[in-house]
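Below is the file upload-v9.cif, which contains mmCIF, C-alpha atoms.
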```
data_input
#
loop_
_atom_site.label_atom_id
_atom_site.label_comp_id
_atom_site.auth_asym_id
_atom_site.auth_seq_id
_atom_site.Cartn_x
_atom_site.Cartn_y
_atom_site.Cartn_z
CA MET A 1 38.05 -20.35 -10.07
CA SER A 2 35.86 -18.67 -7.47
CA VAL A 3 34.22 -15.30 -7.35
CA LYS A 4 34.18 -13.48 -4.05
CA LEU A 5 33.31 -9.87 -3.37
CA HIS A 6 35.74 -7.77 -1.42
CA SER A 7 34.24 -6.95 1.95
CA LYS A 8 34.82 -3.22 1.39
CA ALA A 9 32.77 -3.36 -1.82
CA GLY A 10 29.76 -5.23 -0.43
CA SER A 11 26.53 -3.74 0.87
CA VAL A 12 25.97 -3.05 4.54
CA THR A 13 23.28 -5.23 6.07
CA PRO A 14 21.21 -4.61 9.21
CA ASP A 15 22.99 -7.56 10.86
CA MET A 16 26.35 -5.83 10.39
CA LEU A 17 25.01 -2.84 12.32
CA ASP A 18 23.34 -4.97 15.03
CA LEU A 19 19.92 -3.71 13.91
CA ASN A 20 16.76 -5.75 14.08
CA PRO A 21 14.38 -4.25 11.53
CA ARG A 22 10.80 -5.43 11.72
CA ASP A 23 9.49 -7.66 9.02
CA GLU A 24 7.01 -5.83 6.84
CA ALA A 25 3.75 -7.40 5.84
CA PRO A 26 3.03 -7.41 2.11
CA SER A 27 0.72 -4.70 0.84
CA ILE A 28 -2.59 -5.78 -0.64
CA LEU A 29 -4.25 -3.85 -3.46
CA VAL A 30 -7.84 -3.27 -2.30
CA ILE A 31 -8.93 -0.63 -4.84
CA GLU A 32 -7.74 -0.49 -8.42
CA GLU A 33 -8.91 2.12 -10.92
CA GLY A 34 -11.93 3.04 -8.81
CA GLN A 35 -13.03 -0.59 -8.30
CA ILE A 36 -13.02 -2.54 -5.04
CA LYS A 37 -10.98 -5.75 -5.20
CA GLU A 38 -13.38 -7.88 -3.17
CA GLU A 39 -11.38 -11.11 -3.37
CA GLU A 40 -8.33 -9.34 -1.94
CA LEU A 41 -10.45 -7.85 0.86
CA ARG A 42 -11.69 -11.33 1.75
CA SER A 43 -8.13 -12.67 1.72
CA VAL A 44 -7.20 -10.26 4.53
CA LYS A 45 -10.54 -10.75 6.32
CA LYS A 46 -11.73 -7.18 5.79
CA SER A 47 -15.15 -5.96 4.67
CA LYS A 48 -16.34 -3.43 2.13
CA GLU A 49 -17.76 -1.41 5.05
CA TRP A 50 -14.33 -1.32 6.70
CA LEU A 51 -12.85 -0.08 3.43
CA LEU A 52 -15.46 2.66 3.00
CA GLU A 53 -15.07 3.82 6.61
CA GLY A 54 -11.33 4.13 6.08
CA LEU A 55 -11.89 6.25 2.99
CA GLN A 56 -14.34 8.53 4.79
CA LYS A 57 -11.88 9.06 7.66
CA ARG A 58 -9.38 10.30 5.06
CA ASN A 59 -11.96 12.58 3.38
CA TYR A 60 -12.48 10.51 0.24
CA LYS A 61 -16.15 10.45 -0.66
CA LYS A 62 -16.21 8.26 -3.77
CA ILE A 63 -14.32 5.07 -4.60
CA GLU A 64 -14.29 6.20 -8.21
CA ASP A 65 -11.87 9.00 -7.21
CA ILE A 66 -9.22 6.45 -6.14
CA LEU A 67 -6.69 5.21 -8.68
CA TYR A 68 -5.46 2.61 -6.20
CA ARG A 69 -5.35 1.92 -2.51
CA GLU A 70 -3.09 -0.54 -0.77
CA TRP A 71 -3.23 -1.86 2.76
CA SER A 72 -0.73 -3.71 4.91
CA GLU A 73 -0.78 -4.70 8.55
CA THR A 74 2.52 -3.00 9.26
CA ASP A 75 2.08 0.22 7.27
CA GLY A 76 -1.67 0.72 7.12
CA PHE A 77 -3.09 2.49 4.07
CA TYR A 78 -1.53 4.03 1.04
CA ILE A 79 -4.01 5.89 -1.16
CA GLN A 80 -3.30 7.26 -4.63
CA PRO A 81 -6.19 9.32 -6.02
CA TYR A 82 -6.57 10.06 -9.68
CA PRO A 83 -4.73 13.25 -10.61
CA LYS A 84 -7.02 16.26 -10.56
CA GLU A 85 -7.70 17.92 -13.84
CA ASN A 86 -5.76 21.15 -14.20
CA SER A 87 -3.35 20.06 -11.44
CA HIS A 88 -0.52 21.56 -13.47
CA ILE A 89 -1.95 25.08 -13.09
#
```
The structure in this file should be written as structure tokens.
Amino acid sequence: MSVKLHSKAGSVTPDMLDLNPRDEAPSILVIEEGQIKEEELRSVKKSKEWLLEGLQKRNYKKIEDILYREWSETDGFYIQPYPKENSHI
């Protein structure tokens, strides 16, 4: 017995559409719960100063305000601040 999907039921892949999507670099968690992940920064050859400059450019003044921040070479930064109190109002 063999199991084979019907071609009409399978998923479309980029190759089927002659697309060449770029490979995405993994994202690295560099701040978690307001704390700098120094080992992860070193693994991507970035400094604490680089991290702080990036936060200032995006108008974040304190690391403690950041729930988490990720960085990847292909996508840059993703920052998730802590929810503001009374944000539901």
*asked:* Using all atoms listed in the file, list the residues that have an atom at most 12 Å from (-14.1, 4.1, -4.8), coordinates as in the file, as a PyMOL selection string.
replied: chain A and resi 30-37+48-49+51-56+59-69+79-82
Would you mind listing what lies within 12 Å of Asp23 in chain A as an mmCIF file with C-alpha atoms, in the frame of the given file, with all atoms listed in the file counted and same-chain residues fewer than 6 positions away left out?
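Saved result, around_7.cif, follows:
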```cif
data_model
loop_
_atom_site.group_PDB
_atom_site.id
_atom_site.type_symbol
_atom_site.label_atom_id
_atom_site.label_comp_id
_atom_site.auth_asym_id
_atom_site.auth_seq_id
_atom_site.Cartn_x
_atom_site.Cartn_y
_atom_site.Cartn_z
ATOM 1 C CA SER A 72 -0.730 -3.710 4.910
ATOM 2 C CA GLU A 73 -0.780 -4.700 8.550
ATOM 3 C CA THR A 74 2.520 -3.000 9.260
ATOM 4 C CA ASP A 75 2.080 0.220 7.270
#
```
_Please report the interatomic distance between CA of Trp71 in chain A and CA of Lys57 in chain A in Å with one decimal._
14.8 Å
